[in-house]
>>> print(open('input_22.txt').read())   # compact mmCIF, C-alpha atoms and all ligand atoms
# COMPACT_ATOMS: atom_id res chain seq x y z
CA MET A 1 46.39 91.01 109.28
CA LEU A 2 47.26 90.20 112.90
CA PRO A 3 44.80 90.25 115.82
CA ALA A 4 44.80 93.41 117.92
CA TRP A 5 46.14 91.63 121.01
CA SER A 6 49.38 90.91 119.12
CA ILE A 7 50.32 94.51 119.90
CA VAL A 8 51.86 93.16 123.14
CA PHE A 9 54.63 91.76 120.94
CA GLY A 10 55.18 95.22 119.49
CA ILE A 11 55.54 96.58 123.02
CA ALA A 12 57.85 93.75 124.15
CA PHE A 13 60.12 93.87 121.09
CA GLY A 14 60.16 97.66 121.24
CA ALA A 15 61.16 97.69 124.90
CA ALA A 16 63.89 95.11 124.29
CA VAL A 17 65.34 97.09 121.40
CA GLY A 18 65.04 100.22 123.56
CA SER A 19 67.25 98.49 126.09
CA PHE A 20 69.86 97.98 123.36
CA LEU A 21 69.49 101.63 122.32
CA ASN A 22 70.54 102.59 125.85
CA VAL A 23 73.79 100.71 125.27
CA LEU A 24 74.32 102.57 121.98
CA ILE A 25 73.50 105.94 123.54
CA TYR A 26 76.09 105.41 126.26
CA ARG A 27 78.85 103.73 124.26
CA LEU A 28 78.79 105.15 120.70
CA PRO A 29 79.74 108.76 121.58
CA ARG A 30 82.44 107.48 123.93
CA ASN A 31 83.92 105.26 121.21
CA LEU A 32 83.40 102.17 123.37
CA SER A 33 82.76 98.72 121.95
CA ILE A 34 79.08 97.87 121.61
CA VAL A 35 79.51 94.22 122.58
CA PHE A 36 82.28 94.22 125.15
CA PRO A 37 82.39 94.40 128.13
CA PRO A 38 78.94 93.05 129.11
CA SER A 39 76.53 95.45 130.79
CA HIS A 40 77.65 96.59 134.21
CA CYS A 41 76.82 99.30 136.71
CA PRO A 42 79.05 102.33 135.96
CA ALA A 43 79.09 103.21 139.68
CA CYS A 44 80.12 99.90 141.29
CA GLY A 45 81.17 97.92 138.22
CA HIS A 46 79.00 94.95 139.17
CA ARG A 47 78.05 92.91 136.14
CA LEU A 48 74.31 93.00 135.48
CA GLY A 49 72.36 89.76 135.41
CA VAL A 50 69.18 88.82 133.58
CA ARG A 51 67.15 90.12 136.51
CA ASP A 52 68.65 93.60 136.10
CA LEU A 53 68.15 93.77 132.36
CA ILE A 54 64.41 93.19 131.91
CA PRO A 55 63.31 96.20 129.88
CA LEU A 56 61.05 98.68 131.71
CA LEU A 57 60.34 96.28 134.60
CA SER A 58 63.82 96.14 136.16
CA TYR A 59 63.88 99.91 136.44
CA LEU A 60 60.45 100.01 138.11
CA ILE A 61 61.08 97.08 140.47
CA GLN A 62 64.43 98.49 141.59
CA ARG A 63 62.95 102.00 141.80
CA GLY A 64 65.64 103.42 139.55
CA LYS A 65 68.56 102.24 141.67
CA CYS A 66 71.39 99.76 141.16
CA ARG A 67 70.56 96.54 143.02
CA TYR A 68 74.16 96.09 144.16
CA CYS A 69 75.28 99.56 145.28
CA GLY A 70 72.11 101.66 145.31
CA ALA A 71 73.47 104.25 142.85
CA PRO A 72 70.66 106.00 140.96
CA ILE A 73 70.11 104.92 137.34
CA PRO A 74 69.40 107.90 135.04
CA VAL A 75 65.71 108.13 134.16
CA ARG A 76 66.82 108.25 130.53
CA TYR A 77 67.19 104.46 130.57
CA PHE A 78 63.52 104.07 131.37
CA LEU A 79 62.39 106.80 128.97
CA VAL A 80 64.27 105.31 126.01
CA GLU A 81 62.69 101.88 126.57
CA LEU A 82 59.23 103.39 127.05
CA TRP A 83 59.51 105.67 124.02
CA ASN A 84 60.76 102.89 121.76
CA ALA A 85 58.09 100.49 123.03
CA ALA A 86 55.37 103.08 122.34
CA LEU A 87 56.62 103.78 118.81
CA TRP A 88 56.92 100.10 117.95
CA ALA A 89 53.46 99.42 119.37
CA TRP A 90 51.98 102.23 117.27
CA LEU A 91 53.72 101.07 114.09
CA TRP A 92 52.81 97.44 114.84
CA TYR A 93 49.14 98.42 115.08
CA GLU A 94 49.23 100.60 111.98
CA TRP A 95 51.13 98.27 109.65
CA LEU A 96 50.49 94.76 110.99
CA VAL A 97 47.04 94.95 112.61
CA LEU A 98 45.23 97.55 110.49
CA GLY A 99 47.44 97.03 107.46
CA GLU A 100 49.37 94.15 105.99
CA ALA A 101 52.77 95.66 105.39
CA PRO A 102 55.49 93.86 107.37
CA GLY A 103 58.24 95.49 105.30
CA ARG A 104 57.02 98.93 106.15
CA PHE A 105 56.74 98.02 109.85
CA VAL A 106 60.33 96.74 110.01
CA LEU A 107 61.83 99.71 108.17
CA TYR A 108 59.85 102.36 110.04
CA ALA A 109 60.50 100.70 113.41
CA ALA A 110 64.24 100.49 112.69
CA ALA A 111 64.33 104.13 111.58
CA SER A 112 62.39 105.27 114.67
CA SER A 113 64.87 103.51 116.93
CA VAL A 114 67.89 105.03 115.18
CA LEU A 115 66.24 108.44 115.59
CA ILE A 116 65.75 107.91 119.34
CA ALA A 117 69.48 107.15 119.70
CA ILE A 118 70.30 110.28 117.67
CA PHE A 119 67.95 112.36 119.83
CA PHE A 120 69.64 111.50 123.12
CA ILE A 121 73.25 111.44 121.90
CA ASP A 122 73.00 114.83 120.18
CA LEU A 123 71.18 116.32 123.17
CA GLU A 124 73.97 115.30 125.54
CA HIS A 125 77.12 115.41 123.41
CA TYR A 126 76.30 117.81 120.55
CA LEU A 127 77.27 115.24 117.96
CA ILE A 128 75.61 112.53 115.91
CA PRO A 129 77.70 109.38 115.41
CA ASP A 130 78.33 108.71 111.71
CA GLU A 131 77.25 105.10 112.20
CA LEU A 132 73.71 106.23 113.03
CA ASN A 133 73.48 108.61 110.08
CA VAL A 134 74.71 105.90 107.74
CA ALA A 135 72.20 103.47 109.25
CA LEU A 136 69.35 105.90 108.55
CA LEU A 137 70.56 106.43 104.99
CA ALA A 138 70.75 102.66 104.48
CA ILE A 139 67.21 102.20 105.84
CA GLY A 140 66.02 104.90 103.45
CA LEU A 141 67.66 103.18 100.47
CA LEU A 142 66.22 99.81 101.51
CA HIS A 143 62.81 101.44 101.77
CA GLY A 144 63.09 102.79 98.23
CA TRP A 145 64.35 99.48 96.90
CA LEU A 146 62.07 96.99 98.70
CA LEU A 147 58.88 99.04 98.47
CA GLN A 148 59.50 100.24 94.95
CA GLY A 149 56.25 101.51 93.43
CA VAL A 150 54.17 100.67 96.54
CA PRO A 151 51.86 103.63 97.21
CA THR A 152 52.73 105.79 100.22
CA ASP A 153 50.97 108.72 101.86
CA TRP A 154 53.00 110.95 99.56
CA SER A 155 52.27 109.17 96.28
CA TRP A 156 50.23 112.13 95.00
CA ALA A 157 53.61 113.80 94.43
CA SER A 158 55.59 112.06 91.69
CA LEU A 159 58.74 112.10 93.85
CA GLY A 160 56.80 110.57 96.78
CA VAL A 161 56.57 107.12 95.18
CA PRO A 162 59.31 104.91 96.68
CA SER A 163 62.17 103.88 94.42
CA LEU A 164 65.94 103.84 94.73
CA ARG A 165 66.17 106.86 92.46
CA HIS A 166 63.65 108.84 94.48
CA ALA A 167 65.43 107.88 97.71
CA ALA A 168 68.68 109.22 96.24
CA LEU A 169 66.91 112.40 95.13
CA GLY A 170 65.38 112.80 98.58
CA ALA A 171 68.83 112.41 100.15
CA LEU A 172 70.18 115.02 97.75
CA ALA A 173 67.33 117.41 98.62
CA GLY A 174 67.85 117.01 102.38
CA ALA A 175 71.64 117.28 102.33
CA GLY A 176 71.51 119.99 99.66
CA LEU A 177 69.14 122.20 101.65
CA PHE A 178 71.22 121.90 104.80
CA SER A 179 74.54 122.39 102.96
CA LEU A 180 73.11 125.58 101.50
CA ILE A 181 72.01 126.83 104.94
CA ALA A 182 75.40 125.92 106.41
CA ILE A 183 77.39 127.66 103.67
CA LEU A 184 75.18 130.77 103.44
CA GLY A 185 75.09 131.00 107.23
CA ARG A 186 78.86 130.71 107.43
CA ILE A 187 79.25 133.52 104.85
CA GLY A 188 76.49 135.77 106.18
CA LEU A 189 76.77 135.29 109.94
CA ARG A 190 80.48 134.43 110.05
CA ARG A 191 79.76 131.56 112.39
CA ASP A 192 78.91 127.88 112.16
CA ALA A 193 75.23 127.85 111.28
CA MET A 194 74.75 124.11 111.01
CA GLY A 195 76.56 121.10 112.41
CA HIS A 196 78.00 118.54 110.02
CA GLY A 197 75.96 115.86 111.75
CA ASP A 198 72.75 117.74 110.90
CA ILE A 199 73.62 117.80 107.18
CA LYS A 200 74.20 114.04 107.23
CA LEU A 201 71.02 113.51 109.23
CA ALA A 202 68.97 115.52 106.70
CA ARG A 203 70.42 113.29 103.99
CA GLY A 204 69.16 110.12 105.69
CA MET A 205 65.79 111.75 106.36
CA GLY A 206 65.43 112.62 102.69
CA ALA A 207 66.25 109.07 101.60
CA LEU A 208 63.55 107.66 103.87
CA LEU A 209 60.81 110.30 103.75
CA LEU A 210 61.30 111.22 100.06
CA VAL A 211 60.97 114.71 98.73
CA PRO A 212 57.66 116.02 100.04
CA GLY A 213 58.06 114.27 103.41
CA VAL A 214 61.57 115.49 104.22
CA PHE A 215 60.53 119.14 103.89
CA VAL A 216 57.56 118.58 106.20
CA ALA A 217 59.87 116.93 108.77
CA VAL A 218 62.34 119.83 108.56
CA ALA A 219 59.50 122.36 108.93
CA LEU A 220 58.24 120.52 112.02
CA ALA A 221 61.78 120.50 113.43
CA VAL A 222 62.10 124.25 112.89
CA VAL A 223 58.78 124.94 114.65
CA LEU A 224 59.60 122.61 117.56
CA GLY A 225 63.11 124.04 117.78
CA ALA A 226 61.84 127.62 117.81
CA VAL A 227 59.35 126.96 120.60
CA VAL A 228 61.61 124.83 122.79
CA GLY A 229 64.74 126.83 121.96
CA GLY A 230 63.02 130.09 122.81
CA LEU A 231 61.85 128.84 126.19
CA TRP A 232 65.24 127.31 126.86
CA ALA A 233 67.17 130.49 126.03
CA LEU A 234 64.83 132.46 128.30
CA MET A 235 65.46 130.06 131.18
CA ARG A 236 69.19 130.13 130.59
CA ARG A 237 69.25 133.92 130.56
CA ARG A 238 67.32 134.10 133.81
CA ALA A 239 69.64 131.56 135.41
CA ALA A 240 72.64 133.54 134.14
CA GLN A 241 71.25 136.75 135.62
CA GLU A 242 70.68 135.15 138.99
CA SER A 243 74.22 133.85 139.18
CA ASN A 244 75.49 137.16 137.72
CA GLY A 245 79.14 137.71 137.12
CA HIS A 246 79.46 134.61 134.95
CA GLU A 247 80.74 135.66 131.55
CA PRO A 248 79.37 133.52 128.73
CA PRO A 249 82.13 131.53 127.04
CA PRO A 250 83.50 133.19 123.88
CA GLU A 251 82.08 132.12 120.53
CA PRO A 252 84.21 129.40 118.97
CA GLU A 253 86.15 130.24 115.83
CA PRO A 254 84.06 129.22 112.83
CA GLU A 255 85.60 126.56 110.61
CA PRO A 256 87.26 127.70 107.37
CA LEU A 257 84.75 128.13 104.54
CA SER A 258 86.80 125.99 102.16
CA ASN A 259 86.67 123.12 104.65
CA LEU A 260 82.90 123.43 104.95
CA VAL A 261 82.35 123.50 101.19
CA LEU A 262 84.58 120.47 100.71
CA ALA A 263 82.79 118.59 103.48
CA CYS A 264 79.36 119.41 102.02
CA ALA A 265 80.48 118.14 98.61
CA LEU A 266 81.60 114.87 100.23
CA TYR A 267 78.25 114.52 102.02
CA LEU A 268 76.29 115.15 98.82
CA LEU A 269 78.33 112.42 97.10
CA TRP A 270 78.05 110.03 100.11
CA VAL A 271 81.85 109.73 100.30
CA ASP A 272 81.72 110.06 104.09
CA ALA A 273 79.16 107.24 104.28
CA LEU A 274 81.61 104.93 102.48
CA ILE A 275 84.45 106.06 104.75
CA THR A 276 82.29 105.17 107.78
CA LEU A 277 82.30 101.56 106.62
CA LEU A 278 86.11 101.45 106.99
CA PRO A 279 87.84 100.51 110.27
CA ARG A 280 87.93 103.42 112.73
CA ARG A 281 91.75 103.74 112.57
CA VAL A 282 91.66 104.15 108.78
CA GLN A 283 88.79 106.63 109.08
CA GLN A 284 90.87 108.84 111.36
CA GLN A 285 93.78 108.77 108.93
CA VAL A 286 91.55 109.75 106.03
CA TYR A 287 89.99 112.67 107.93
CA ALA A 288 93.38 113.79 109.27
CA SER A 289 94.80 113.88 105.75
CA MET A 290 91.95 116.22 104.76
CA GLY A 291 92.77 118.50 107.66
CA GLN A 292 89.59 117.65 109.53
CA ALA A 293 89.24 116.25 112.99
CA ASP A 294 87.21 113.07 113.06
CA GLU A 295 85.33 114.18 116.15
CA GLU A 296 83.49 117.44 115.98
CA GLU A 297 84.56 119.86 118.64
CA PHE A 298 81.74 121.89 120.03
CA VAL A 299 81.94 124.68 122.59
CA GLU A 300 78.61 125.15 124.26
CA THR A 301 77.30 128.70 124.26
CA PRO A 302 74.32 129.75 126.35
CA THR A 303 71.97 130.22 123.43
CA THR A 304 72.73 127.07 121.49
CA LEU A 305 70.67 123.92 121.46
CA PRO A 306 71.53 121.04 119.16
CA PHE A 307 69.18 120.86 116.17
CA GLY A 308 69.50 117.09 115.67
CA PRO A 309 66.97 116.16 118.39
CA PHE A 310 64.33 118.30 116.72
CA LEU A 311 65.08 116.80 113.31
CA ALA A 312 64.74 113.35 114.87
CA LEU A 313 61.37 114.31 116.40
CA GLY A 314 60.12 115.84 113.14
CA THR A 315 61.06 112.67 111.26
CA GLN A 316 59.29 110.45 113.79
CA LEU A 317 56.15 112.60 113.57
CA VAL A 318 56.11 112.22 109.79
CA LEU A 319 56.64 108.44 110.10
CA LEU A 320 53.78 108.11 112.61
CA PHE A 321 51.28 110.61 111.21
CA GLY A 322 52.37 110.65 107.55
CA GLU A 323 48.82 110.24 106.24
CA TRP A 324 47.63 113.25 108.19
CA PHE A 325 50.53 115.52 107.19
CA ALA A 326 50.46 114.37 103.58
CA GLY A 327 46.73 115.11 103.39
CA GLY A 328 47.28 118.54 104.90
CA VAL A 329 50.06 119.48 102.50
CA ARG A 330 48.07 118.24 99.53
CA ALA A 331 44.96 120.17 100.58
CA TYR A 332 47.08 123.28 100.96
CA LEU A 333 48.68 122.85 97.53
CA ASP A 334 45.26 122.32 95.98
CA TRP A 335 43.98 125.44 97.70
CA VAL A 336 46.79 127.64 96.41
CA GLY A 337 46.31 126.03 93.02
CA VAL A 338 49.68 124.30 92.49
ZN ZN B 401 76.06 99.65 141.17
>>> encode(input="input_22.txt", output="structure tokens")
Amino acid sequence: MLPAWSIVFGIAFGAAVGSFLNVLIYRLPRNLSIVFPPSHCPACGHRLGVRDLIPLLSYLIQRGKCRYCGAPIPVRYFLVELWNAALWAWLWYEWLVLGEAPGRFVLYAAASSVLIAIFFIDLEHYLIPDELNVALLAIGLLHGWLLQGVPTDWSWASLGVPSLRHAALGALAGAGLFSLIAILGRIGLRRDAMGHGDIKLARGMGALLLVPGVFVAVALAVVLGAVVGGLWALMRRRAAQESNGHEPPPEPEPEPLSNLVLACALYLLWVDALITLLPRRVQQQVYASMGQADEEEFVETPTTLPFGPFLALGTQLVLLFGEWFAGGVRAYLDWVGV
């Protein structure tokens, strides 16, 4: 058990990792190298020194502007560092100050950070890099393996006790549910109901949160998505009316059903996760030979919002407030007599 003041380390480490997340958020969807070139201002190209890279503080001291050319730095850089610092501080307090579970702290903190990167990349680019989904799956498997048999908030459900087998079952449940929605939606609505990235994300969520937890996270994501998505669509419609005369872009052609079913089968068997470990050039050849583009093409329509950010938020909520949600679900199940 660490003293309460040690939480400053949680904040500092969290902010520093948040700074690295900003690099991932910018470079991963653009297929740029993570390590090269060193950080520089995208406006003037000036290489950033230590003074410019202090998490949280540099942004505040420079008032959100590049020190060399004065170009504004997106507020996202600050938000990512702040958000990650807050999550790490919370988890630090919960698992290292109140509890004595360093393994749980490390795994939950790593997962939370991956989810922040997924949140911002999907929000901006409508895609989730495979590397991040594989990372979440790996964290989930590590969680099942390292904490095998250690009680969790969900231990009242037999599948909620961590183990490698239960992590695999959780992954199957998450990916299975979303594959089903994607395939039924494609048949019933004749349009793409679910992005491939979301299916792979649900798989990682299931591996980490295990069977009761993953369904709670998905339910939270649906509620959050309905509220935010509803407001967003309303705002978009109003904006469209004001600038009237702008035709919404046509709906994209849905992908062939056979392609979708094949892809879902690969996701359920984790074949794509193994392919992600190959060099990028080989990956592209493999996907090309299956008649699938490596990068998902997405045409934005006025009523679409990516679902990944909401899944990421739902997962974080379950990681942070697991005890509370688990108690609620259990009380409900007791009440209905299951
Ligand atoms: Zn600059």
>>> residues_around(input="input_22.txt", residues="Leu142 of chain A", least_positions_apart="2", cutoff="9 Å", atoms="all atoms listed in the file", output="number ranges by chain")
A: 107, 137-140, 144-147, 164, 167, 208
>>> residues_around(input="input_22.txt", residues="segment 63-74 of chain A", least_positions_apart="2", cutoff="10 Å", atoms="all atoms listed in the file", output="list in words")
His40, Cys41, Pro42, Ala43, Cys44, Gly45, His46, Arg47, Leu48, Arg51, Asp52, Leu57, Ser58, Tyr59, Leu60, Ile61, Arg76, Tyr77, Phe78 and Leu79 of chain A
>>> residues_around(input="input_22.txt", residues="Val222 of chain A", least_positions_apart="2", cutoff="12 Å", atoms="only C-alpha atoms", output="list in words")
Phe215, Val216, Ala217, Val218, Ala219, Leu220, Leu224, Gly225, Ala226, Val227, Val228, Gly229, Gly230, Pro306, Phe307, Gly308, Pro309, Phe310, Leu311, Ala312, Leu313, Gly314 and Thr315 of chain A
>>> atom_distance(input="input_22.txt", atom1="atom CA of Val261 of chain A", atom2="atom CA of Arg280 of chain A")
23.8 Å
>>> residues_around(input="input_22.txt", residues="Gly99 of chain A", least_positions_apart="4", cutoff="9 Å", atoms="only C-alpha atoms", output="MDAnalysis selection string")
chainID A and resid 1:2 93:95
>>> atom_distance(input="input_22.txt", atom1="atom CA of Leu268 of chain A", atom2="atom CA of Gly174 of chain A")
9.3 Å
>>> atom_distance(input="input_22.txt", atom1="atom CA of Ala202 of chain A", atom2="atom CA of Leu269 of chain A")
13.8 Å
>>> residues_near_point(input="input_22.txt", point="(45.0, 115.0, 102.4)", cutoff="12 Å", atoms="all atoms listed in the file", output="ChimeraX atom specification")
/A:153-157,321-335
>>> residues_around(input="input_22.txt", residues="Phe9 of chain A", least_positions_apart="5", cutoff="12 Å", atoms="only C-alpha atoms", output="PyMOL selection string")
chain A and resi 2-4+14-17+85-86+88-93+96-97
>>> write_last_selection(input="input_22.txt", atoms="C-alpha atoms", output="CSV table (one decimal), keeping the file's coordinate frame")
chain,number,residue,atom,x,y,z
A,2,LEU,CA,47.3,90.2,112.9
A,3,PRO,CA,44.8,90.2,115.8
A,4,ALA,CA,44.8,93.4,117.9
A,14,GLY,CA,60.2,97.7,121.2
A,15,ALA,CA,61.2,97.7,124.9
A,16,ALA,CA,63.9,95.1,124.3
A,17,VAL,CA,65.3,97.1,121.4
A,85,ALA,CA,58.1,100.5,123.0
A,86,ALA,CA,55.4,103.1,122.3
A,88,TRP,CA,56.9,100.1,118.0
A,89,ALA,CA,53.5,99.4,119.4
A,90,TRP,CA,52.0,102.2,117.3
A,91,LEU,CA,53.7,101.1,114.1
A,92,TRP,CA,52.8,97.4,114.8
A,93,TYR,CA,49.1,98.4,115.1
A,96,LEU,CA,50.5,94.8,111.0
A,97,VAL,CA,47.0,95.0,112.6
>>> closest_residue(input="input_22.txt", among="A:Ser39, A:Arg236, A:Ile199, A:Glu81", to="ligand ZN 401 (chain B)", atoms="all atoms listed in the file")
A:Ser39
>>> axis_aligned_box(input="input_22.txt", around="segment 22-25 of chain A", padding_each_side="3 Å", output="AutoDock Vina command-line options")
--center_x 72.4 --center_y 103.3 --center_z 123.9 --size_x 9.8 --size_y 11.2 --size_z 9.9
>>> closest_residue(input="input_22.txt", among="A:Leu177, A:Met194, A:Val223, A:Met205", to="Ser112 of chain A", atoms="all atoms listed in the file")
A:Met205
>>> closest_residue(input="input_22.txt", among="A:Val8, A:Leu169, A:Ala109, A:Asp272", to="Asn84 of chain A", atoms="all atoms listed in the file")
A:Ala109
